[in-house]
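Undergrad: Coordinates in structure06.cif, mmCIF, C-alpha atoms and all ligand atoms, are listed below.
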```
data_start
loop_
_atom_site.label_atom_id
_atom_site.label_comp_id
_atom_site.auth_asym_id
_atom_site.auth_seq_id
_atom_site.Cartn_x
_atom_site.Cartn_y
_atom_site.Cartn_z
CA MET M 1 -135.07 -31.40 -13.25
CA THR M 2 -135.44 -28.62 -15.78
CA GLU M 3 -135.14 -24.85 -15.58
CA LYS M 4 -138.94 -24.60 -15.20
CA ASP M 5 -138.79 -26.47 -11.89
CA PHE M 6 -136.86 -23.54 -10.43
CA ILE M 7 -139.44 -20.85 -11.19
CA SER M 8 -141.08 -20.07 -7.88
CA THR M 9 -144.85 -19.72 -7.73
CA ASN M 10 -147.40 -19.39 -4.94
CA LEU M 11 -145.26 -17.23 -2.72
CA ASP M 12 -146.89 -14.93 -0.21
CA THR M 13 -144.74 -11.83 0.21
CA SER M 14 -147.44 -9.97 2.18
CA ILE M 15 -146.27 -11.66 5.38
CA LEU M 16 -142.68 -10.56 4.98
CA LYS M 17 -141.75 -6.91 5.48
CA GLU M 18 -138.07 -7.11 6.34
CA GLY M 19 -135.38 -9.36 7.71
CA LYS M 20 -131.85 -10.58 7.20
CA TYR M 21 -129.92 -13.78 6.66
CA THR M 22 -126.24 -14.60 7.00
CA TRP M 23 -124.56 -17.52 5.23
CA LYS M 24 -120.98 -18.70 5.42
CA THR M 25 -120.00 -20.42 2.19
CA PRO M 26 -116.72 -22.01 1.19
CA SER M 27 -114.51 -21.68 -1.82
CA ASN M 28 -113.79 -24.84 -3.84
CA ILE M 29 -110.93 -26.23 -5.87
CA ALA M 30 -111.63 -28.17 -9.05
CA LEU M 31 -109.90 -31.50 -9.66
CA VAL M 32 -111.37 -31.86 -13.16
CA LYS M 33 -111.76 -28.34 -14.48
CA TYR M 34 -114.68 -26.37 -15.87
CA TRP M 35 -113.28 -24.33 -18.73
CA GLY M 36 -115.68 -23.46 -21.53
CA LYS M 37 -119.39 -22.77 -21.31
CA LYS M 38 -122.49 -22.44 -23.48
CA LYS M 39 -125.29 -19.89 -23.22
CA ASN M 40 -126.89 -19.42 -19.79
CA GLN M 41 -123.91 -20.71 -17.84
CA ILE M 42 -124.20 -24.28 -19.11
CA PRO M 43 -120.80 -25.99 -18.85
CA GLU M 44 -119.18 -27.61 -21.87
CA ASN M 45 -117.98 -30.46 -19.67
CA THR M 46 -118.51 -32.00 -16.27
CA SER M 47 -116.26 -30.82 -13.44
CA ILE M 48 -115.60 -32.09 -9.92
CA SER M 49 -114.20 -30.24 -6.93
CA PHE M 50 -113.21 -30.45 -3.31
CA THR M 51 -115.18 -28.03 -1.18
CA LEU M 52 -112.77 -26.05 1.00
CA ASP M 53 -113.07 -25.02 4.61
CA ALA M 54 -110.79 -22.14 5.68
CA CYS M 55 -111.37 -20.05 2.54
CA PHE M 56 -114.92 -18.78 2.84
CA THR M 57 -117.20 -15.78 2.38
CA LEU M 58 -119.59 -14.48 5.02
CA THR M 59 -122.54 -12.65 3.54
CA THR M 60 -125.48 -10.96 5.22
CA LEU M 61 -128.41 -10.02 3.05
CA GLU M 62 -130.72 -7.46 4.63
CA PHE M 63 -134.04 -6.91 2.91
CA SER M 64 -137.00 -4.61 3.37
CA LYS M 65 -140.12 -3.85 1.31
CA LYS M 66 -139.00 -1.48 -1.41
CA GLN M 67 -139.45 2.26 -0.93
CA ASN M 68 -140.03 3.21 -4.55
CA GLU M 69 -140.96 1.57 -7.82
CA LYS M 70 -137.38 0.96 -8.92
CA GLY M 71 -135.98 -0.81 -5.86
CA SER M 72 -132.34 -0.57 -4.80
CA PHE M 73 -129.40 -2.43 -3.41
CA GLU M 74 -126.19 -1.41 -1.67
CA ILE M 75 -123.02 -3.44 -1.20
CA TYR M 76 -120.55 -3.30 1.64
CA PHE M 77 -117.37 -5.34 1.45
CA GLU M 78 -115.27 -5.63 4.57
CA GLY M 79 -117.15 -2.71 6.10
CA GLU M 80 -116.77 -0.35 3.14
CA LYS M 81 -119.35 0.65 0.58
CA LYS M 82 -118.30 -0.83 -2.75
CA ASP M 83 -120.15 0.55 -5.73
CA GLU M 84 -117.65 -1.11 -8.06
CA PHE M 85 -119.09 -4.53 -7.10
CA LYS M 86 -122.57 -3.46 -8.12
CA PRO M 87 -122.54 -4.39 -11.84
CA LYS M 88 -121.69 -8.04 -11.10
CA VAL M 89 -124.44 -8.30 -8.49
CA ALA M 90 -126.91 -6.41 -10.71
CA THR M 91 -126.23 -8.97 -13.47
CA PHE M 92 -126.79 -11.76 -10.98
CA PHE M 93 -130.14 -10.31 -9.82
CA GLU M 94 -131.15 -9.79 -13.42
CA ARG M 95 -130.36 -13.40 -14.31
CA ILE M 96 -132.21 -14.88 -11.34
CA LYS M 97 -135.27 -12.65 -11.12
CA GLY M 98 -137.28 -14.84 -13.51
CA TYR M 99 -136.77 -17.69 -11.04
CA CYS M 100 -137.28 -15.57 -7.90
CA PRO M 101 -139.80 -12.88 -8.89
CA PHE M 102 -140.28 -11.85 -5.24
CA LEU M 103 -136.86 -10.13 -5.39
CA THR M 104 -138.39 -7.20 -7.26
CA GLU M 105 -140.49 -6.34 -4.18
CA TYR M 106 -137.56 -5.60 -1.87
CA ASP M 107 -134.62 -3.26 -1.32
CA PHE M 108 -131.40 -5.00 -0.31
CA VAL M 109 -128.22 -4.29 1.59
CA ILE M 110 -125.45 -6.86 1.07
CA LYS M 111 -122.62 -7.04 3.61
CA SER M 112 -119.84 -9.41 2.74
CA ARG M 113 -116.36 -10.38 3.82
CA ASN M 114 -113.87 -13.07 2.91
CA SER M 115 -111.65 -15.10 5.23
CA PHE M 116 -108.83 -14.63 2.71
CA PRO M 117 -107.41 -11.32 1.47
CA HIS M 118 -109.38 -9.99 -1.50
CA SER M 119 -106.19 -9.37 -3.44
CA SER M 120 -104.78 -12.85 -2.75
CA GLY M 121 -105.57 -14.06 -6.26
CA ILE M 122 -108.06 -16.54 -4.80
CA ALA M 123 -111.29 -16.32 -6.74
CA SER M 124 -114.00 -15.05 -4.45
CA SER M 125 -116.79 -15.38 -7.00
CA ALA M 126 -117.50 -19.01 -6.07
CA SER M 127 -117.96 -18.38 -2.35
CA GLY M 128 -119.43 -14.90 -2.88
CA MET M 129 -122.12 -15.94 -5.35
CA SER M 130 -123.04 -19.10 -3.46
CA ALA M 131 -123.50 -17.08 -0.25
CA LEU M 132 -125.79 -14.63 -1.99
CA ALA M 133 -127.76 -17.44 -3.63
CA LEU M 134 -128.29 -19.11 -0.25
CA CYS M 135 -129.48 -15.83 1.33
CA VAL M 136 -131.99 -15.45 -1.51
CA MET M 137 -133.17 -19.03 -0.96
CA SER M 138 -133.61 -18.40 2.75
CA ILE M 139 -136.04 -15.60 1.88
CA GLU M 140 -137.84 -17.84 -0.59
CA ARG M 141 -138.17 -20.59 1.99
CA LEU M 142 -139.76 -18.18 4.44
CA ILE M 143 -142.50 -17.16 2.03
CA SER M 144 -143.11 -20.62 0.56
CA THR M 145 -145.79 -22.87 1.88
CA GLU M 146 -143.41 -25.79 1.94
CA MET M 147 -139.91 -26.46 0.71
CA ILE M 148 -137.89 -29.60 1.25
CA ASP M 149 -134.15 -29.33 1.89
CA ASP M 150 -133.25 -31.08 -1.33
CA TYR M 151 -135.04 -28.43 -3.40
CA PHE M 152 -133.61 -25.63 -1.25
CA TYR M 153 -130.00 -26.68 -1.90
CA LYS M 154 -130.52 -27.61 -5.55
CA LYS M 155 -132.09 -24.26 -6.31
CA ALA M 156 -129.39 -22.44 -4.32
CA SER M 157 -126.79 -24.18 -6.48
CA PHE M 158 -128.83 -23.43 -9.61
CA LEU M 159 -128.96 -19.71 -8.73
CA ALA M 160 -125.28 -19.61 -7.73
CA ARG M 161 -124.39 -21.08 -11.14
CA LEU M 162 -126.09 -18.15 -12.82
CA GLY M 163 -123.82 -15.83 -10.83
CA SER M 164 -120.61 -17.76 -11.48
CA GLY M 165 -120.37 -21.30 -12.84
CA SER M 166 -118.01 -22.72 -10.24
CA ALA M 167 -120.14 -21.18 -7.45
CA CYS M 168 -122.69 -23.96 -7.91
CA ARG M 169 -120.04 -26.31 -6.46
CA SER M 170 -119.72 -24.17 -3.30
CA ILE M 171 -122.95 -25.13 -1.56
CA LYS M 172 -122.38 -28.68 -0.40
CA GLY M 173 -119.33 -30.62 0.78
CA SER M 174 -117.08 -32.38 0.52
CA ILE M 175 -116.86 -33.39 -3.14
CA VAL M 176 -119.22 -31.87 -5.70
CA VAL M 177 -119.91 -32.68 -9.35
CA TRP M 178 -121.39 -30.21 -11.81
CA GLY M 179 -122.41 -31.29 -15.30
CA ASP M 180 -124.53 -34.02 -16.73
CA HIS M 181 -122.34 -37.16 -16.70
CA LYS M 182 -123.67 -40.57 -17.56
CA GLU M 183 -121.83 -42.29 -14.71
CA ILE M 184 -122.76 -39.81 -11.97
CA LYS M 185 -126.21 -40.37 -10.57
CA ASP M 186 -128.51 -37.31 -10.63
CA SER M 187 -125.77 -35.10 -12.10
CA SER M 188 -126.95 -32.01 -13.97
CA ASN M 189 -125.73 -29.11 -16.05
CA LEU M 190 -128.03 -26.88 -14.02
CA PHE M 191 -126.61 -27.35 -10.52
CA GLY M 192 -123.90 -29.11 -8.54
CA VAL M 193 -124.60 -32.39 -6.72
CA GLU M 194 -122.78 -33.97 -3.83
CA PHE M 195 -120.60 -36.82 -5.09
CA SER M 196 -122.52 -39.67 -3.54
CA SER M 197 -120.44 -42.69 -4.65
CA GLU M 198 -118.04 -44.41 -2.29
CA VAL M 199 -114.98 -42.38 -1.25
CA HIS M 200 -111.87 -44.12 0.10
CA SER M 201 -110.58 -42.98 3.50
CA ASN M 202 -107.40 -41.70 1.78
CA PHE M 203 -109.45 -38.77 0.54
CA LYS M 204 -111.11 -37.93 3.84
CA ASN M 205 -109.76 -34.73 5.34
CA PHE M 206 -107.54 -34.07 2.33
CA HIS M 207 -105.40 -30.95 2.67
CA ASP M 208 -105.00 -28.01 0.33
CA THR M 209 -102.17 -25.61 1.10
CA ILE M 210 -102.57 -22.61 -1.17
CA LEU M 211 -99.24 -21.07 -2.12
CA LEU M 212 -99.85 -17.43 -2.99
CA VAL M 213 -97.38 -16.82 -5.78
CA ASP M 214 -99.06 -13.75 -7.17
CA GLU M 215 -101.36 -11.73 -4.98
CA GLY M 216 -102.54 -9.38 -7.72
CA GLU M 217 -105.81 -9.01 -9.54
CA LYS M 218 -106.43 -11.74 -12.11
CA GLN M 219 -104.83 -11.08 -15.49
CA VAL M 220 -107.70 -12.77 -17.34
CA SER M 221 -111.20 -12.82 -15.85
CA SER M 222 -112.85 -16.23 -16.02
CA THR M 223 -115.60 -14.82 -18.20
CA VAL M 224 -113.03 -13.78 -20.78
CA GLY M 225 -111.17 -17.06 -20.23
CA HIS M 226 -114.20 -19.22 -20.97
CA GLN M 227 -114.80 -17.28 -24.17
CA LEU M 228 -111.36 -18.32 -25.37
CA MET M 229 -112.73 -21.84 -25.74
CA TYR M 230 -115.08 -20.74 -28.55
CA ASN M 231 -113.42 -21.76 -31.81
CA HIS M 232 -110.43 -23.07 -29.90
CA PRO M 233 -108.69 -25.67 -32.10
CA TYR M 234 -108.47 -28.24 -29.27
CA ALA M 235 -111.76 -27.50 -27.51
CA GLN M 236 -113.75 -30.57 -28.54
CA GLU M 237 -110.94 -32.96 -27.59
CA ARG M 238 -110.54 -31.17 -24.27
CA PHE M 239 -114.25 -31.47 -23.41
CA LYS M 240 -114.13 -35.18 -24.27
CA GLN M 241 -111.03 -35.67 -22.14
CA ALA M 242 -112.70 -34.01 -19.14
CA GLU M 243 -115.66 -36.41 -19.36
CA GLU M 244 -113.22 -39.34 -19.46
CA ASN M 245 -111.31 -37.93 -16.51
CA ILE M 246 -114.54 -37.76 -14.50
CA SER M 247 -115.08 -41.49 -15.12
CA LYS M 248 -111.49 -42.19 -14.09
CA ILE M 249 -111.52 -40.02 -10.98
CA LYS M 250 -114.77 -41.61 -9.85
CA GLU M 251 -112.97 -44.98 -9.73
CA ILE M 252 -109.87 -43.44 -8.13
CA LEU M 253 -111.91 -41.84 -5.36
CA LYS M 254 -113.32 -45.28 -4.64
CA SER M 255 -110.09 -47.27 -4.81
CA GLY M 256 -107.96 -44.69 -2.95
CA ASP M 257 -105.22 -44.86 -5.62
CA LEU M 258 -103.26 -41.72 -4.75
CA LYS M 259 -100.74 -42.09 -7.60
CA ALA M 260 -103.54 -42.22 -10.17
CA PHE M 261 -105.16 -39.24 -8.43
CA THR M 262 -101.95 -37.23 -8.84
CA ASN M 263 -101.80 -38.10 -12.54
CA ILE M 264 -105.28 -36.87 -13.30
CA VAL M 265 -105.21 -33.79 -11.08
CA GLU M 266 -101.85 -32.47 -12.29
CA SER M 267 -102.69 -33.23 -15.90
CA GLU M 268 -105.99 -31.34 -15.54
CA ALA M 269 -104.17 -28.29 -14.14
CA LEU M 270 -101.62 -28.26 -16.93
CA THR M 271 -104.28 -28.87 -19.57
CA LEU M 272 -106.25 -25.86 -18.31
CA HIS M 273 -103.16 -23.71 -18.71
CA SER M 274 -102.34 -25.29 -22.09
CA MET M 275 -105.77 -24.24 -23.29
CA MET M 276 -104.93 -20.66 -22.33
CA MET M 277 -101.54 -20.83 -23.99
CA THR M 278 -103.03 -22.10 -27.24
CA SER M 279 -106.06 -19.81 -27.50
CA LYS M 280 -106.34 -16.58 -29.45
CA PRO M 281 -105.34 -14.31 -27.84
CA TYR M 282 -102.96 -16.47 -25.81
CA PHE M 283 -101.97 -16.07 -22.16
CA ILE M 284 -99.43 -17.43 -19.74
CA LEU M 285 -100.89 -17.16 -16.27
CA MET M 286 -98.18 -19.12 -14.49
CA LYS M 287 -95.26 -17.12 -13.10
CA PRO M 288 -91.64 -18.27 -12.82
CA ASN M 289 -92.30 -19.14 -9.17
CA THR M 290 -95.29 -21.29 -10.14
CA LEU M 291 -92.91 -23.47 -12.16
CA LYS M 292 -90.27 -23.46 -9.44
CA ILE M 293 -92.86 -24.76 -6.98
CA ILE M 294 -94.06 -27.43 -9.40
CA ASN M 295 -90.51 -28.65 -9.96
CA LYS M 296 -89.84 -28.71 -6.22
CA ILE M 297 -92.99 -30.76 -5.68
CA TRP M 298 -91.91 -33.25 -8.35
CA GLU M 299 -88.40 -33.57 -6.87
CA PHE M 300 -89.71 -33.99 -3.33
CA ARG M 301 -92.25 -36.57 -4.44
CA LYS M 302 -89.54 -38.56 -6.19
CA GLU M 303 -87.28 -38.47 -3.13
CA THR M 304 -89.95 -39.33 -0.56
CA ASN M 305 -92.59 -41.24 -2.52
CA LEU M 306 -95.21 -39.18 -0.67
CA ASN M 307 -98.53 -38.38 -2.31
CA LEU M 308 -98.57 -34.63 -2.62
CA CYS M 309 -99.68 -33.15 -5.90
CA PHE M 310 -100.60 -29.74 -7.26
CA THR M 311 -103.43 -28.10 -9.05
CA LEU M 312 -103.90 -24.59 -10.42
CA ASP M 313 -106.88 -22.42 -11.18
CA ALA M 314 -106.82 -19.63 -13.73
CA GLY M 315 -103.89 -17.86 -12.09
CA ALA M 316 -100.36 -18.29 -10.77
CA ASN M 317 -101.13 -19.65 -7.29
CA VAL M 318 -100.45 -23.30 -6.58
CA HIS M 319 -102.83 -25.53 -4.62
CA LEU M 320 -100.82 -28.26 -2.93
CA LEU M 321 -103.05 -31.27 -2.25
CA TYR M 322 -102.08 -34.10 0.12
CA PRO M 323 -103.61 -36.72 2.39
CA GLU M 324 -104.09 -36.23 6.13
CA ASN M 325 -101.49 -38.82 7.14
CA GLU M 326 -98.70 -36.99 5.27
CA LYS M 327 -99.39 -33.56 6.73
CA GLU M 328 -96.32 -33.38 9.02
CA GLU M 329 -93.76 -34.12 6.30
CA VAL M 330 -95.53 -31.89 3.79
CA SER M 331 -95.83 -28.95 6.23
CA GLU M 332 -92.12 -29.11 6.88
CA PHE M 333 -91.45 -29.23 3.14
CA VAL M 334 -93.71 -26.20 2.56
CA ILE M 335 -91.94 -24.15 5.20
CA ASN M 336 -88.41 -25.18 4.27
CA GLU M 337 -88.71 -25.29 0.49
CA LEU M 338 -91.80 -23.62 -0.89
CA ILE M 339 -92.73 -20.45 0.95
CA GLN M 340 -89.62 -18.73 -0.42
CA PHE M 341 -91.48 -18.69 -3.77
CA CYS M 342 -94.66 -17.14 -2.32
CA GLN M 343 -95.28 -13.43 -2.49
CA ASN M 344 -94.48 -12.02 0.97
CA ASN M 345 -94.17 -15.66 2.13
CA HIS M 346 -97.96 -15.88 2.14
CA TYR M 347 -99.78 -19.18 2.05
CA ILE M 348 -103.08 -20.51 3.38
CA CYS M 349 -103.59 -23.88 5.05
CA ASP M 350 -106.93 -25.24 3.97
CA ARG M 351 -108.57 -28.64 3.78
CA VAL M 352 -111.69 -30.32 2.46
CA GLY M 353 -114.81 -28.95 4.14
CA LEU M 354 -118.44 -29.75 4.64
CA GLY M 355 -120.21 -26.98 2.75
CA ALA M 356 -122.21 -23.84 3.47
CA LYS M 357 -123.70 -22.94 6.86
CA LEU M 358 -126.54 -20.67 7.87
CA LEU M 359 -125.46 -18.39 10.70
CA ASN M 360 -128.76 -16.88 11.78
C1 LIG K 1 -110.35 -22.26 -13.77
O1 LIG K 1 -116.68 -20.15 -12.33
O2 LIG K 1 -114.99 -18.32 -12.25
O3 LIG K 1 -111.50 -22.04 -11.71
O4 LIG K 1 -118.75 -19.04 -14.79
O5 LIG K 1 -117.49 -17.19 -15.83
O6 LIG K 1 -117.98 -17.13 -13.38
P1 LIG K 1 -117.70 -17.99 -14.60
O7 LIG K 1 -116.32 -18.71 -14.35
P2 LIG K 1 -115.68 -19.36 -13.04
O8 LIG K 1 -114.60 -20.31 -13.72
C2 LIG K 1 -113.78 -21.12 -12.95
C3 LIG K 1 -112.72 -21.71 -13.76
C4 LIG K 1 -111.66 -22.48 -13.04
C5 LIG K 1 -111.94 -23.98 -13.07
C6 LIG K 1 -112.98 -24.52 -12.13
O9 LIG K 1 -113.19 -23.98 -11.03
O10 LIG K 1 -113.56 -25.56 -12.49
#
```
Take the structure from the file and write it as C-alpha cells.
Ligand code: DP6

TA:
Amino acid sequence: MTEKDFISTNLDTSILKEGKYTWKTPSNIALVKYWGKKKNQIPENTSISFTLDACFTLTTLEFSKKQNEKGSFEIYFEGEKKDEFKPKVATFFERIKGYCPFLTEYDFVIKSRNSFPHSSGIASSASGMSALALCVMSIERLISTEMIDDYFYKKASFLARLGSGSACRSIKGSIVVWGDHKEIKDSSNLFGVEFSSEVHSNFKNFHDTILLVDEGEKQVSSTVGHQLMYNHPYAQERFKQAEENISKIKEILKSGDLKAFTNIVESEALTLHSMMMTSKPYFILMKPNTLKIINKIWEFRKETNLNLCFTLDAGANVHLLYPENEKEEVSEFVINELIQFCQNNHYICDRVGLGAKLLN
C-alpha cells in the first residue's frame, strides 16, 4: 500500500452532525528498537514490540459540526483542561488532515486519561496517539460507504504513526512489526502489522514488570532523540544491525529460545543507550539505580538460570521481561531485591496484551 491509498474520498459528512467515540489503547515495549527516522515519520529501521495490557490510554473524542470557519478543539486530561497538550495534537491534526479531510468540518473535544501516572516516565505518546487515531477512524467508518476491518486498522496505524512513530505499534496485539523488512510478510514503513509468523508458547502471556526508577519528565524528548541519529558516526551500522536482529528474533519467537531472546533484547536496549551516549550532544539517560537493577538481574539470572531479561526505552525505567511460568520466582525477586531501587517503591505489573478496544 502507498500513502495515496490512505486519502479518503467519497465520504458523506451531511449525515453526521455530532457524536463521540471512546477507545482504550495500550502502550507497547519495543524488543528491537526504533531510533532514527526520515521525513514524514518513516523509520530508518524495522522495529518489533510487545503490545502491553495494563498500561493504556482511554480517549473519548466528541465531535460536532463546526460553529465557525476556523474550527476548534479542546483537550481534557484526567478531568482537567490542558492547553499545554494542544500543540502536539494540533500538529497531529495538521499532519493527518490531507488523509482525513472531513476533520476540517468538525469541532472536537478530546478527553483522555492514562492507567499509569502521567509523570511515571512511561511514554504516553504511543497509547495516546493510537487512541486518537482510532477515534478519527471510527468517524471515518461511519461516513464511508464501506470499509473493511483490515483497512480500518491499517489506516489507524498509519495515522497514529504520523502522531508518534511507536504509536503505530499500539493498535494490534500481541506482537507488532513496523518497517519494511524482507522477511516479514506485508510489513511496511507506513504502518505496523501484527506479527503473523509462528510464536512459541514460551512467549504467550509474557510479563513486563516496569520498574519506575525515575518518575520525572523525560530528559530528552524522542523527537530530539531521533534527530541525534542524523550524522551519527555509527548510525548506518546500527540500522543494519536492527534489520539483522529482526531476522534473528523472528526465528527466536518461533523456536522459543529464551536465552537467545535475552541476548537480542538486552543488547538492543544497551545499543539504544549507546547511541545516545555517542551522539552530539551526548546524553546518559540511565540512572545509578538503572544499573543497579541491571546488575541484580544478571546476578539473579546466573544463580537461578531463569529467563528474565531487561529492556529500556529512552529513559531510566527498566522493563523486566519474563515468561509466564517463572512469574512466582520473579515476583518474589522483584519485591525482595528490586523495588528498593524504584522511586517511591513504584512499579507496574504488566504483560503482553491483545491490542486496542472500542468502548462505545
Ligand atoms: C526509544 O515513537 O516516541 O521508545 O516518532 O518522535 O514520536 P516519535 O518517537 P517515539 O520513539 C520511541 C523510541 C523508543 C523505541 C521504540 O519504541 O521503538

Undergrad: What's the 12 Å shell around Asp53 in chain M, counting only C-alpha atoms, without same-chain residues fewer than 4 positions away, as number ranges by chain?

TA: M: 24-29, 57, 115-116, 127, 170-174, 205-209, 348-357

Undergrad: Leaving out Glu198 in chain M and any residue of its chain fewer than 4 positions from it, which residues lie within 9 Å of it when counting all atoms listed in the file, given as a PyMOL selection string?

TA: chain M and resi 250+253-255

Undergrad: Given 3 Å of margin on each side, can you work out the centre and size in Å (one decimal) of an axis-aligned box holding every listed atom of range 4-21 of chain M, as JSON?

TA:
```
{"center_x": -138.7, "center_y": -16.7, "center_z": -3.7, "size_x": 23.5, "size_y": 25.6, "size_z": 28.9}
```

Undergrad: Within 10 Å of ligand LIG 1 (chain K), which residues show up when you count all atoms listed in the file? List them as a PyMOL selection string, please.

TA: chain M and resi 27-37+40-43+45-49+122-126+129+160-169+178+221-227+268-269+272-273+312-315

Undergrad: Kindly give the distance, in Å, that separates CA of Met277 in chain M and CA of Gln219 in chain M, rounded to a single decimal.

TA: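 Those two atoms sit 13.3 Å apart.
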
Undergrad: Go through M:Ile7, M:Phe333, M:Tyr153, M:Tyr347 one by one, measure the shortest atom-to-atom distance of each to Thr304 in chain M using all atoms listed in the file, and give the residue with the smallest value.

TA: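 Nearest candidate to Thr304 in chain M out of M:Ile7, M:Phe333, M:Tyr153, M:Tyr347: M:Phe333.
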
Undergrad: Please compute the CA of Ala316 in chain M-CA of Val89 in chain M distance, one decimal, in Å.

TA: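 These two atoms are separated by 26.2 Å.
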
Undergrad: From the list M:Ile148, M:Asn360, M:Leu134, M:Leu308, which residue is nearest Ser331 in chain M when using all atoms listed in the file?

TA: M:Leu308

Undergrad: At what distance in Å, to one decimal, does CA of His346 in chain M lie from CA of Gly79 in chain M?

TA: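 Result for CA of Gly79 in chain M versus CA of His346 in chain M: 23.6 Å, one decimal.
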
Undergrad: Could you please give me, as a PDB file with C-alpha atoms, in the coordinates of the input, the residues of protein, DNA or RNA lying at most 7 Å from (-136.4, -10.0, 6.6) in the coordinate frame of the file, considering only C-alpha atoms?

TA:
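Output (part_23.pdb):
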```pdb
ATOM      1  CA  LEU M  16    -142.680 -10.560   4.980  1.00  0.00           C
ATOM      2  CA  LYS M  17    -141.750  -6.910   5.480  1.00  0.00           C
ATOM      3  CA  GLU M  18    -138.070  -7.110   6.340  1.00  0.00           C
ATOM      4  CA  GLY M  19    -135.380  -9.360   7.710  1.00  0.00           C
ATOM      5  CA  LYS M  20    -131.850 -10.580   7.200  1.00  0.00           C
ATOM      6  CA  GLU M  62    -130.720  -7.460   4.630  1.00  0.00           C
ATOM      7  CA  PHE M  63    -134.040  -6.910   2.910  1.00  0.00           C
ATOM      8  CA  SER M  64    -137.000  -4.610   3.370  1.00  0.00           C
TER       9      SER M  64
END
```

Undergrad: Between M:Leu359, M:Ala131, M:Ile293, M:Leu11, single out the one closest to Phe56 in chain M, counting all atoms listed in the file.

TA: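 Counting all atoms listed in the file, the residue closest to Phe56 in chain M is M:Ala131.
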
Undergrad: Select, from M:Asn68, M:Ser130, M:Ser138, M:Thr59, the residue with the minimum atom-to-atom distance to Val109 in chain M, counting all atoms listed in the file.

TA: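 With all atoms listed in the file as the atom set, the closest residue is M:Thr59.
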
Undergrad: Is it possible to get the residues within 12 Å of (-103.3, -37.7, -6.4) (coordinates as in the file, counting only C-alpha atoms) written as number ranges by chain?

TA: M: 31, 202-203, 206-208, 249, 252-253, 255-268, 301, 305-311, 320-323

Undergrad: So which residues touch Glu337 in chain M within 10 Å, counting all atoms listed in the file, skipping near sequence neighbours fewer than 2 positions away, as a count of residues only?

TA: 12
